[in-house]
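Visitor: Got a file for you: input-v1.tsv, TSV, C-alpha atoms.
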```tsv
chain	number	residue	atom	x	y	z
A	12	MET	CA	-172.22	-69.02	-135.46
A	13	GLY	CA	-173.16	-67.52	-132.08
A	14	ARG	CA	-172.92	-64.00	-133.48
A	15	ASP	CA	-174.81	-64.91	-136.68
A	16	LYS	CA	-177.52	-66.60	-134.65
A	17	ARG	CA	-177.90	-63.57	-132.46
A	18	GLN	CA	-178.09	-61.28	-135.49
A	19	PHE	CA	-180.69	-63.49	-137.14
A	20	PHE	CA	-182.66	-63.51	-133.90
A	21	GLU	CA	-182.60	-59.72	-133.80
A	22	ILE	CA	-183.90	-59.51	-137.37
A	23	ILE	CA	-186.73	-61.90	-136.59
A	24	TYR	CA	-187.46	-60.16	-133.32
A	25	THR	CA	-187.65	-56.68	-134.85
A	26	ASP	CA	-189.73	-57.92	-137.74
A	27	CYS	CA	-192.12	-60.21	-135.90
A	28	TYR	CA	-192.48	-59.03	-132.29
A	29	PRO	CA	-195.63	-56.91	-132.88
A	30	MET	CA	-197.29	-59.78	-134.77
A	31	VAL	CA	-196.33	-62.33	-132.10
A	32	LEU	CA	-197.48	-60.17	-129.19
A	33	GLN	CA	-200.71	-59.30	-130.92
A	34	MET	CA	-201.51	-62.95	-131.57
A	35	CYS	CA	-200.69	-63.71	-127.95
A	36	LEU	CA	-202.99	-60.92	-126.79
A	37	GLY	CA	-205.83	-62.28	-128.91
A	38	TYR	CA	-205.18	-65.82	-127.74
A	39	MET	CA	-205.06	-64.76	-124.09
A	40	LYS	CA	-208.29	-62.76	-124.42
A	41	GLY	CA	-206.47	-59.47	-123.98
A	42	ASP	CA	-204.74	-60.43	-120.70
A	43	GLN	CA	-201.47	-58.54	-121.07
A	44	ASN	CA	-199.41	-60.28	-118.39
A	45	LEU	CA	-200.21	-63.69	-119.83
A	46	ALA	CA	-199.67	-62.42	-123.37
A	47	TYR	CA	-196.19	-61.08	-122.54
A	48	ASP	CA	-195.31	-64.34	-120.81
A	49	LEU	CA	-196.55	-66.31	-123.81
A	50	ALA	CA	-194.68	-64.03	-126.27
A	51	GLN	CA	-191.47	-64.74	-124.35
A	52	ASP	CA	-192.14	-68.47	-124.69
A	53	VAL	CA	-192.59	-67.98	-128.43
A	54	PHE	CA	-189.20	-66.26	-128.69
A	55	ILE	CA	-187.54	-68.94	-126.55
A	56	ASN	CA	-188.90	-71.54	-129.00
A	57	ILE	CA	-187.75	-69.42	-131.94
A	58	TRP	CA	-184.26	-69.23	-130.44
A	59	ASN	CA	-184.21	-72.98	-129.81
A	60	ALA	CA	-185.36	-73.77	-133.35
A	61	MET	CA	-183.07	-71.34	-135.15
A	62	ASP	CA	-180.26	-73.83	-135.71
A	63	ASN	CA	-182.66	-75.95	-137.75
A	64	PHE	CA	-184.14	-73.14	-139.82
A	65	LYS	CA	-183.47	-74.24	-143.39
A	66	GLY	CA	-185.07	-71.26	-145.10
A	67	LYS	CA	-187.44	-73.55	-147.05
A	68	SER	CA	-190.36	-71.34	-146.10
A	69	ALA	CA	-190.40	-67.60	-145.48
A	70	HIS	CA	-189.25	-66.79	-141.98
A	71	LYS	CA	-192.67	-65.28	-141.19
A	72	THR	CA	-194.45	-68.57	-141.95
A	73	TRP	CA	-191.89	-70.29	-139.73
A	74	VAL	CA	-192.59	-67.79	-136.93
A	75	TYR	CA	-196.36	-68.30	-137.35
A	76	ARG	CA	-195.91	-72.05	-136.91
A	77	ILE	CA	-193.93	-71.58	-133.73
A	78	THR	CA	-196.41	-68.99	-132.45
A	79	VAL	CA	-199.43	-71.22	-133.11
A	80	ASN	CA	-197.76	-74.28	-131.52
A	81	THR	CA	-196.56	-72.31	-128.50
A	82	CYS	CA	-200.05	-70.89	-127.96
A	83	LEU	CA	-201.64	-74.34	-128.17
A	84	GLN	CA	-199.12	-75.82	-125.72
A	85	TYR	CA	-199.05	-72.87	-123.31
A	86	ILE	CA	-202.19	-73.35	-121.22
A	87	ARG	CA	-201.58	-77.08	-120.84
A	88	LYS	CA	-197.92	-76.65	-119.99
A	89	GLU	CA	-198.69	-74.02	-117.35
A	90	LYS	CA	-201.01	-76.45	-115.58
A	91	ASN	CA	-198.03	-78.71	-114.98
A	92	LYS	CA	-195.66	-76.08	-113.82
A	93	LYS	CA	-195.33	-73.56	-111.05
A	94	LYS	CA	-195.32	-69.98	-112.27
A	95	ILE	CA	-192.01	-68.42	-113.13
A	96	PRO	CA	-190.90	-65.92	-110.45
A	97	ILE	CA	-192.74	-62.73	-111.25
A	98	ASP	CA	-189.64	-60.53	-111.16
A	99	ALA	CA	-188.53	-62.24	-114.35
A	100	VAL	CA	-191.38	-60.68	-116.30
A	101	GLU	CA	-192.64	-57.67	-114.36
A	102	HIS	CA	-189.96	-55.29	-115.58
A	103	MET	CA	-191.05	-55.57	-119.16
A	104	VAL	CA	-194.75	-55.70	-118.32
A	105	ALA	CA	-194.58	-52.61	-116.14
A	106	GLU	CA	-193.11	-50.62	-118.98
A	107	GLU	CA	-195.72	-51.51	-121.50
A	108	VAL	CA	-198.84	-52.40	-119.65
A	109	ASN	CA	-200.53	-49.04	-120.17
A	110	GLU	CA	-199.48	-48.60	-123.74
A	111	VAL	CA	-201.11	-51.37	-125.69
A	112	ASN	CA	-204.51	-51.88	-124.19
A	113	SER	CA	-206.73	-48.99	-125.13
A	114	ASP	CA	-210.45	-49.76	-124.75
A	115	GLU	CA	-210.92	-49.97	-128.49
A	116	HIS	CA	-208.23	-52.62	-128.89
A	117	LYS	CA	-209.26	-54.44	-125.77
A	118	SER	CA	-212.75	-55.01	-127.16
A	119	LEU	CA	-211.24	-56.56	-130.27
A	120	TYR	CA	-209.16	-58.99	-128.22
A	121	THR	CA	-212.12	-59.75	-125.96
A	122	ALA	CA	-214.29	-60.59	-128.97
A	123	ILE	CA	-211.59	-62.86	-130.43
A	124	GLY	CA	-211.14	-64.39	-126.98
A	125	LYS	CA	-214.75	-65.56	-127.03
A	126	LEU	CA	-213.97	-67.93	-129.90
A	127	GLU	CA	-212.63	-71.47	-129.45
A	128	GLU	CA	-208.82	-71.80	-129.21
A	129	ILE	CA	-208.27	-72.99	-132.78
A	130	ASP	CA	-210.77	-70.49	-134.17
A	131	ARG	CA	-208.92	-67.67	-132.40
A	132	LEU	CA	-205.68	-68.62	-134.09
A	133	LEU	CA	-207.32	-69.06	-137.49
A	134	ILE	CA	-209.04	-65.69	-137.47
A	135	MET	CA	-205.92	-63.91	-136.24
A	136	MET	CA	-203.92	-65.33	-139.12
A	137	VAL	CA	-206.61	-64.10	-141.51
A	138	LEU	CA	-206.50	-60.66	-139.88
A	139	GLU	CA	-202.74	-60.78	-140.35
A	140	GLY	CA	-203.36	-61.22	-144.07
A	141	GLN	CA	-202.18	-64.82	-144.38
A	142	ASP	CA	-203.66	-66.68	-147.35
A	143	TYR	CA	-205.49	-70.00	-147.01
A	144	ASP	CA	-202.57	-72.02	-148.38
A	145	SER	CA	-200.19	-70.63	-145.77
A	146	ILE	CA	-202.71	-71.19	-143.00
A	147	SER	CA	-203.23	-74.74	-144.21
A	148	GLU	CA	-199.46	-75.29	-144.12
A	149	ILE	CA	-199.20	-73.85	-140.60
A	150	MET	CA	-202.14	-75.86	-139.25
A	151	GLY	CA	-201.47	-79.11	-141.14
A	152	ILE	CA	-204.96	-79.34	-142.61
A	153	LYS	CA	-206.28	-79.12	-146.19
A	154	PRO	CA	-206.89	-75.64	-147.69
A	155	THR	CA	-210.53	-76.54	-148.38
A	156	ASN	CA	-210.97	-77.41	-144.72
A	157	VAL	CA	-209.32	-74.10	-143.78
A	158	ARG	CA	-211.70	-72.21	-146.07
A	159	VAL	CA	-214.79	-73.80	-144.51
A	160	LYS	CA	-213.53	-73.26	-140.98
A	161	ILE	CA	-212.67	-69.62	-141.58
A	162	HIS	CA	-216.05	-68.94	-143.11
A	163	ARG	CA	-217.67	-70.34	-139.96
A	164	VAL	CA	-215.35	-68.43	-137.66
A	165	LYS	CA	-216.05	-65.14	-139.43
A	166	LYS	CA	-219.78	-65.73	-138.95
A	167	ARG	CA	-219.28	-66.54	-135.29
A	168	LEU	CA	-217.13	-63.46	-134.74
A	169	LYS	CA	-219.71	-61.26	-136.43
A	170	LYS	CA	-222.37	-62.65	-134.11
A	171	ILE	CA	-220.19	-61.90	-131.08
A	172	LEU	CA	-219.47	-58.35	-132.23
A	173	ASP	CA	-223.16	-57.71	-133.01
A	174	HIS	CA	-224.13	-58.72	-129.50
A	175	GLU	CA	-221.65	-56.36	-127.83
B	5	MET	CA	-219.86	-59.07	-143.96
B	6	SER	CA	-216.76	-58.26	-146.03
B	7	ASN	CA	-216.93	-54.53	-145.16
B	8	GLU	CA	-217.23	-55.36	-141.50
B	9	PHE	CA	-214.30	-57.71	-141.75
B	10	GLU	CA	-212.21	-55.08	-143.46
B	11	ALA	CA	-213.01	-52.70	-140.63
B	12	LEU	CA	-211.90	-55.35	-138.18
B	13	GLN	CA	-208.72	-55.87	-140.16
B	14	SER	CA	-207.93	-52.17	-140.06
B	15	GLN	CA	-208.57	-52.10	-136.30
B	16	TRP	CA	-206.22	-55.05	-135.97
B	17	GLN	CA	-203.57	-53.23	-137.99
B	18	LYS	CA	-203.98	-50.09	-135.89
B	19	SER	CA	-203.50	-52.10	-132.73
B	20	LYS	CA	-200.38	-53.67	-134.20
B	21	ASN	CA	-198.93	-50.28	-135.06
B	22	ASN	CA	-199.51	-49.30	-131.46
B	23	ILE	CA	-197.44	-52.30	-130.33
B	24	LYS	CA	-194.74	-51.49	-132.89
B	25	GLY	CA	-194.07	-48.18	-131.23
B	26	ASN	CA	-193.74	-49.79	-127.83
B	27	SER	CA	-191.70	-52.94	-128.44
B	28	PRO	CA	-188.93	-53.59	-125.92
B	29	ASN	CA	-185.50	-53.64	-127.51
B	30	SER	CA	-184.00	-56.97	-128.46
B	31	GLU	CA	-181.33	-56.77	-125.70
B	32	GLU	CA	-184.06	-56.59	-123.11
B	33	MET	CA	-185.98	-59.48	-124.63
B	34	PHE	CA	-182.79	-61.49	-124.95
B	35	SER	CA	-181.97	-61.16	-121.27
B	36	LEU	CA	-185.55	-62.03	-120.31
B	37	ILE	CA	-185.63	-65.17	-122.38
B	38	SER	CA	-182.21	-66.26	-121.08
B	39	LYS	CA	-183.52	-65.94	-117.53
B	40	LYS	CA	-186.68	-67.82	-118.38
B	41	LYS	CA	-184.79	-70.52	-120.26
B	42	SER	CA	-182.51	-71.30	-117.34
B	43	TRP	CA	-185.53	-71.42	-115.01
B	44	SER	CA	-187.26	-73.84	-117.37
B	45	THR	CA	-184.17	-76.09	-117.54
B	46	ARG	CA	-184.08	-76.22	-113.74
B	47	PHE	CA	-187.77	-77.17	-113.76
B	48	HIS	CA	-187.20	-79.99	-116.29
B	49	TYR	CA	-184.28	-81.48	-114.42
B	50	GLY	CA	-185.67	-80.81	-110.90
B	51	ASN	CA	-187.23	-84.28	-110.54
B	52	ILE	CA	-184.04	-85.95	-111.75
B	53	ILE	CA	-181.92	-84.01	-109.26
B	54	ILE	CA	-184.21	-84.84	-106.31
B	55	LEU	CA	-184.39	-88.54	-107.23
B	56	SER	CA	-180.61	-88.67	-107.74
B	57	LEU	CA	-180.02	-87.17	-104.29
B	58	VAL	CA	-182.33	-89.79	-102.74
B	59	LEU	CA	-180.44	-92.51	-104.64
B	60	ILE	CA	-177.08	-91.23	-103.41
B	61	GLY	CA	-178.48	-91.04	-99.85
B	62	ILE	CA	-179.71	-94.65	-99.94
B	63	MET	CA	-176.51	-95.97	-101.51
B	64	SER	CA	-174.41	-94.14	-98.91
B	65	PHE	CA	-176.63	-95.54	-96.14
B	66	PHE	CA	-176.08	-99.12	-97.30
B	67	TYR	CA	-172.39	-98.57	-97.89
B	68	PHE	CA	-171.32	-96.51	-94.87
B	69	VAL	CA	-174.03	-96.85	-92.20
B	70	ALA	CA	-175.66	-100.27	-92.57
B	71	PRO	CA	-173.78	-102.58	-94.92
B	72	VAL	CA	-176.20	-105.51	-94.91
B	73	GLN	CA	-174.65	-109.00	-94.85
B	74	GLU	CA	-177.38	-111.51	-95.71
B	75	LEU	CA	-178.26	-112.41	-99.28
B	76	LEU	CA	-181.96	-111.59	-98.81
B	77	SER	CA	-181.07	-108.12	-97.50
B	78	ARG	CA	-178.61	-107.50	-100.28
B	79	VAL	CA	-181.23	-108.43	-102.89
B	80	GLY	CA	-183.67	-106.13	-101.05
B	81	ALA	CA	-181.18	-103.24	-101.12
B	82	GLY	CA	-180.66	-103.97	-104.83
B	83	PHE	CA	-184.42	-103.75	-105.44
B	84	MET	CA	-184.61	-100.39	-103.67
B	85	ILE	CA	-181.61	-98.93	-105.48
B	86	GLY	CA	-182.59	-100.52	-108.82
B	87	GLY	CA	-186.15	-99.19	-108.58
B	88	LEU	CA	-184.96	-95.66	-108.03
B	89	PHE	CA	-182.37	-95.99	-110.78
B	90	ILE	CA	-185.03	-97.10	-113.28
B	91	ARG	CA	-187.21	-94.14	-112.23
B	92	ILE	CA	-184.35	-91.71	-112.88
B	93	LEU	CA	-183.70	-93.30	-116.26
B	94	ILE	CA	-187.38	-92.91	-117.16
B	95	GLU	CA	-187.28	-89.23	-116.16
B	96	PHE	CA	-184.34	-88.71	-118.54
B	97	ILE	CA	-186.28	-90.42	-121.35
B	98	SER	CA	-189.30	-88.26	-120.53
B	99	VAL	CA	-187.30	-85.01	-120.72
B	100	SER	CA	-185.74	-86.09	-124.01
B	101	LYS	CA	-189.17	-87.02	-125.43
B	102	ALA	CA	-190.57	-83.64	-124.35
B	103	LYS	CA	-187.70	-81.91	-126.10
B	104	LYS	CA	-188.42	-83.83	-129.29
B	105	ILE	CA	-191.83	-82.19	-129.68
B	106	ASN	CA	-190.95	-79.97	-132.60
B	107	MET	CA	-192.51	-76.53	-132.44
B	108	VAL	CA	-191.62	-75.97	-136.09
B	109	ASP	CA	-193.89	-78.74	-137.34
B	110	ASP	CA	-197.44	-77.92	-138.34
B	111	ALA	CA	-200.00	-77.64	-135.54
B	112	LEU	CA	-201.57	-81.03	-136.26
B	113	GLN	CA	-198.22	-82.85	-136.19
B	114	THR	CA	-197.16	-81.09	-132.98
B	115	THR	CA	-200.50	-81.98	-131.41
B	116	ASN	CA	-200.04	-85.63	-132.42
B	117	ASP	CA	-196.53	-85.66	-130.92
B	118	THR	CA	-197.88	-84.08	-127.73
B	119	ILE	CA	-200.57	-86.76	-127.50
B	120	ALA	CA	-197.86	-89.45	-127.89
B	121	PHE	CA	-195.83	-87.75	-125.14
B	122	TYR	CA	-198.75	-87.65	-122.69
B	123	ASN	CA	-199.60	-91.26	-123.47
B	124	PHE	CA	-196.02	-92.07	-122.49
B	125	ARG	CA	-196.42	-90.00	-119.28
B	126	LYS	CA	-199.65	-91.86	-118.53
B	127	LYS	CA	-197.77	-95.14	-118.75
B	128	ILE	CA	-194.99	-93.82	-116.48
B	129	HIS	CA	-197.39	-92.58	-113.82
B	130	GLY	CA	-199.50	-95.69	-114.08
B	131	PRO	CA	-198.09	-99.24	-114.19
B	132	ILE	CA	-194.41	-98.29	-114.27
B	133	THR	CA	-194.35	-96.02	-111.21
B	134	ILE	CA	-196.63	-98.35	-109.29
B	135	GLY	CA	-194.31	-101.25	-110.25
B	136	ILE	CA	-191.33	-99.27	-108.98
B	137	ILE	CA	-193.05	-98.44	-105.68
B	138	VAL	CA	-193.88	-102.16	-105.27
B	139	LEU	CA	-190.27	-103.11	-106.03
B	140	TYR	CA	-189.01	-100.53	-103.54
B	141	THR	CA	-191.45	-101.72	-100.85
B	142	LEU	CA	-190.53	-105.36	-101.46
B	143	GLY	CA	-186.85	-104.45	-101.13
B	144	PHE	CA	-187.53	-102.60	-97.89
B	145	TYR	CA	-189.32	-105.58	-96.29
B	146	MET	CA	-186.60	-107.98	-97.47
B	147	ILE	CA	-184.10	-105.99	-95.41
B	148	THR	CA	-186.21	-105.91	-92.25
B	149	PRO	CA	-185.38	-109.50	-91.07
B	150	GLU	CA	-181.68	-108.61	-90.87
B	151	PHE	CA	-182.45	-105.21	-89.36
B	152	SER	CA	-184.52	-106.93	-86.67
B	153	LEU	CA	-181.31	-108.59	-85.44
B	154	TYR	CA	-179.95	-105.16	-84.49
B	155	PHE	CA	-183.11	-103.30	-83.45
B	156	GLU	CA	-185.66	-103.85	-80.66
B	157	THR	CA	-189.12	-105.04	-81.74
B	158	TRP	CA	-190.74	-101.69	-80.90
B	159	GLN	CA	-188.11	-99.93	-83.00
B	160	MET	CA	-188.84	-102.27	-85.91
B	161	VAL	CA	-192.57	-101.61	-85.55
B	162	LEU	CA	-191.84	-97.87	-85.65
B	163	ILE	CA	-189.67	-98.28	-88.77
B	164	ASP	CA	-192.39	-100.33	-90.52
B	165	ILE	CA	-195.15	-97.88	-89.63
B	166	SER	CA	-193.08	-94.89	-90.74
B	167	TYR	CA	-192.44	-96.64	-94.06
B	168	ILE	CA	-196.17	-97.22	-94.61
B	169	ILE	CA	-196.89	-93.56	-93.85
B	170	GLY	CA	-193.99	-92.58	-96.09
B	171	ALA	CA	-195.40	-94.73	-98.89
B	172	ILE	CA	-198.81	-93.04	-98.74
B	173	ILE	CA	-197.30	-89.67	-99.73
B	174	PRO	CA	-195.76	-90.82	-103.05
B	175	TYR	CA	-198.93	-92.83	-103.74
B	176	LEU	CA	-201.09	-89.71	-103.36
B	177	ALA	CA	-198.64	-87.66	-105.43
B	178	VAL	CA	-198.71	-90.28	-108.19
B	179	ARG	CA	-202.52	-90.33	-108.15
B	180	LYS	CA	-202.69	-86.54	-108.39
B	181	ASN	CA	-200.24	-86.49	-111.29
B	182	ILE	CA	-202.11	-89.23	-113.14
B	183	LYS	CA	-205.36	-87.25	-112.87
B	184	LYS	CA	-203.69	-84.02	-113.97
B	185	GLU	CA	-201.95	-85.54	-116.96
B	186	ILE	CA	-204.98	-87.53	-118.07
B	187	ASN	CA	-206.95	-84.27	-118.10
B	188	VAL	CA	-204.24	-82.66	-120.21
B	189	LEU	CA	-204.28	-85.66	-122.55
B	190	LEU	CA	-208.05	-85.45	-122.96
B	191	GLU	CA	-207.80	-81.71	-123.68
B	192	ILE	CA	-205.18	-82.29	-126.35
B	193	ILE	CA	-207.23	-85.04	-127.97
B	194	GLU	CA	-210.13	-82.58	-128.01
B	195	LEU	CA	-207.82	-79.98	-129.53
B	196	LYS	CA	-206.81	-82.39	-132.28
B	197	ARG	CA	-210.50	-82.93	-133.06
B	198	ALA	CA	-210.93	-79.17	-133.28
B	199	ILE	CA	-207.97	-78.86	-135.66
B	200	ILE	CA	-209.11	-81.53	-138.08
B	201	GLY	CA	-212.71	-80.44	-137.68
B	202	GLU	CA	-214.35	-83.55	-136.23
B	203	VAL	CA	-217.58	-82.99	-134.36
B	204	SER	CA	-217.11	-84.27	-130.82
```
For the structure just supplied, provide its representation as structure tokens.
Guide:
Amino acid sequence: MGRDKRQFFEIIYTDCYPMVLQMCLGYMKGDQNLAYDLAQDVFINIWNAMDNFKGKSAHKTWVYRITVNTCLQYIRKEKNKKKIPIDAVEHMVAEEVNEVNSDEHKSLYTAIGKLEEIDRLLIMMVLEGQDYDSISEIMGIKPTNVRVKIHRVKKRLKKILDHE
Amino acid sequence: MSNEFEALQSQWQKSKNNIKGNSPNSEEMFSLISKKKSWSTRFHYGNIIILSLVLIGIMSFFYFVAPVQELLSRVGAGFMIGGLFIRILIEFISVSKAKKINMVDDALQTTNDTIAFYNFRKKIHGPITIGIIVLYTLGFYMITPEFSLYFETWQMVLIDISYIIGAIIPYLAVRKNIKKEINVLLEIIELKRAIIGEVS
């Protein structure tokens, strides 16, 4: 079981890491240190939940759920907790910090970061190509509600980008 | 707007491809999350460990150093030990409730579970913790008559004053925690409104 779990984790990790980190970057307004820290939390939660993965939904939808929930919990949880010793994360951050954040990409994350928390997550799932039914399943709200919300968020994002 | 959104989508995809080429390998991530997981476990059980050490200290004091003889003192010692014991039990329940928040549920369900958890925390920090501090204080003053048989009056005054000062610190800590957790609770309630789309 231990070996299978590890193998499954590696599959999910290889497949989903870019998506997870990118959502974390958007959620954290492009702050890379926070995004890496948050992405690690997402993978800890994925590891913890793996024993209960029944395969009822595609593993990507399952990862989206965990990513969305971890993002929503992150800021609140951090308020109640001292920061993890920095040496636990700096190794990874140091390696990548210059690679991801070109100015062009940074402006995208900054624009998304100007939206409300929920709106950030919704628009990122749309950018990821998720359909309304999947988003509704991930968020726990009706597809019609999702449609209306996304329409509003797109308008808001356009306004933000036009003003930049 | 659809053209602009498509442009945004392609920018998003480009950025993702950039990440793809720079992902740390899974070994590296695995060792990082193991480190972080063990740190998080220590954080969760930190309160329980500290309270348990205090409990052991008090029990040892009454057993080895000052085994009180009178009924009133024994009841007092029982209140002090019992109060701490209840607090430790509540911390265990709290950790188990926190662990039950399922990150695999949909966002609305997880938010509802988090609200329930913080409502529980609010109760702990409010009436329950205050009740325990009162019980502990009552126990302490029930022991003092017997202690006064062995200590000078000025020593007893010093012990009483030091207890009062000592009680102010947990009181302030409790107050700070209540404020912090109520703020978190309010934020999560606000978040729930945002998810279901209510206008606040």
Visitor: Of the candidates A:Ile86, A:Leu119, A:Met150, A:Leu133, which shows the shortest atom-to-atom distance to chain B, using all atoms listed in the file?
Guide: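 Among the listed residues, the smallest separation from chain B belongs to A:Met150.
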Visitor: I want to know what sits within 8 Å of segment 56-59 of chain A, based on all atoms listed in the file, with residues of the same chain fewer than 5 positions away left out; could you give that as a PyMOL selection string?
Guide: (chain A and resi 20+74+77+81) or (chain B and resi 107)
Visitor: So that each row is one residue of chain B with an atom at most 8 Å from chain A, can you give its shortest atom pair and the distance in Å to one decimal, using all atoms listed in the file, rows by chain and rising number, as CSV?
Guide:
```
residue,atom,partner,partner_atom,distance
B:Met5,CA,A:Lys169,CA,7.8
B:Phe9,CA,A:Lys165,CA,8.0
B:Leu12,CA,A:Leu138,CA,7.8
B:Gln13,CA,A:Leu138,CA,5.3
B:Gln15,CA,A:His116,CA,7.4
B:Trp16,CA,A:Leu138,CA,6.8
B:Gln17,CA,A:Glu139,CA,8.0
B:Ser19,CA,A:His116,CA,6.1
B:Lys20,CA,A:Pro29,CA,5.9
B:Asn21,CA,A:Pro29,CA,7.7
B:Asn22,CA,A:Val111,CA,6.3
B:Ile23,CA,A:Pro29,CA,5.6
B:Lys24,CA,A:Pro29,CA,5.5
B:Asn26,CA,A:Glu107,CA,6.9
B:Ser27,CA,A:Pro29,CA,7.1
B:Pro28,CA,A:Met103,CA,7.4
B:Ser30,CA,A:Glu21,CA,6.2
B:Met33,CA,A:Gln51,CA,7.6
B:Leu36,CA,A:Ala99,CA,6.7
B:Ile37,CA,A:Ile55,CA,5.9
B:Lys39,CA,A:Ala99,CA,7.0
B:Lys40,CA,A:Ala99,CA,7.1
B:Lys41,CA,A:Ile55,CA,7.0
B:Trp43,CA,A:Ile95,CA,7.4
B:Phe47,CA,A:Lys92,CA,8.0
B:Met107,CA,A:Ile77,CA,5.3
B:Val108,CA,A:Ile77,CA,5.5
B:Asp109,CA,A:Arg76,CA,7.0
B:Asp110,CA,A:Ile149,CA,5.0
B:Ala111,CA,A:Met150,CA,4.6
B:Leu112,CA,A:Gly151,CA,5.2
B:Gln113,CA,A:Gly151,CA,7.0
B:Thr114,CA,A:Asn80,CA,7.0
B:Lys184,CA,A:Asn91,CA,7.8
B:Val188,CA,A:Arg87,CA,6.2
B:Leu195,CA,A:Ile129,CA,7.7
B:Ala198,CA,A:Ile129,CA,6.7
B:Ile199,CA,A:Ile129,CA,6.5
B:Ile200,CA,A:Ile152,CA,6.5
B:Gly201,CA,A:Asn156,CA,7.9
```
Visitor: Restricting the calculation to all atoms listed in the file: of B:Ser56, B:Asn29, B:Asn187, B:Ser14, which residue gets closest to Lys126 of chain B?
Guide: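 Smallest distance to Lys126 of chain B is found for B:Asn187.
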Visitor: Taking (-222.2, -63.4, -129.4) as a centre in this file's frame and 12 Å as the limit, can you find every polymer residue with an atom that close, using only C-alpha atoms, and give them as a list in words?
Guide: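 The distance filter leaves exactly Thr121, Ala122, Ile123, Gly124, Lys125, Leu126, Val164, Lys165, Lys166, Arg167, Leu168, Lys169, Lys170, Ile171, Leu172, Asp173, His174 and Glu175 of chain A.
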Visitor: Save out the residues we just selected, C-alpha atoms, as a PDB file, in the frame of the given file.
Guide:
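Heads up, here's the output in again_18.pdb:
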```
ATOM      1  CA  THR A 121    -212.120 -59.750-125.960  1.00  0.00           C
ATOM      2  CA  ALA A 122    -214.290 -60.590-128.970  1.00  0.00           C
ATOM      3  CA  ILE A 123    -211.590 -62.860-130.430  1.00  0.00           C
ATOM      4  CA  GLY A 124    -211.140 -64.390-126.980  1.00  0.00           C
ATOM      5  CA  LYS A 125    -214.750 -65.560-127.030  1.00  0.00           C
ATOM      6  CA  LEU A 126    -213.970 -67.930-129.900  1.00  0.00           C
ATOM      7  CA  VAL A 164    -215.350 -68.430-137.660  1.00  0.00           C
ATOM      8  CA  LYS A 165    -216.050 -65.140-139.430  1.00  0.00           C
ATOM      9  CA  LYS A 166    -219.780 -65.730-138.950  1.00  0.00           C
ATOM     10  CA  ARG A 167    -219.280 -66.540-135.290  1.00  0.00           C
ATOM     11  CA  LEU A 168    -217.130 -63.460-134.740  1.00  0.00           C
ATOM     12  CA  LYS A 169    -219.710 -61.260-136.430  1.00  0.00           C
ATOM     13  CA  LYS A 170    -222.370 -62.650-134.110  1.00  0.00           C
ATOM     14  CA  ILE A 171    -220.190 -61.900-131.080  1.00  0.00           C
ATOM     15  CA  LEU A 172    -219.470 -58.350-132.230  1.00  0.00           C
ATOM     16  CA  ASP A 173    -223.160 -57.710-133.010  1.00  0.00           C
ATOM     17  CA  HIS A 174    -224.130 -58.720-129.500  1.00  0.00           C
ATOM     18  CA  GLU A 175    -221.650 -56.360-127.830  1.00  0.00           C
TER      19      GLU A 175
END
```
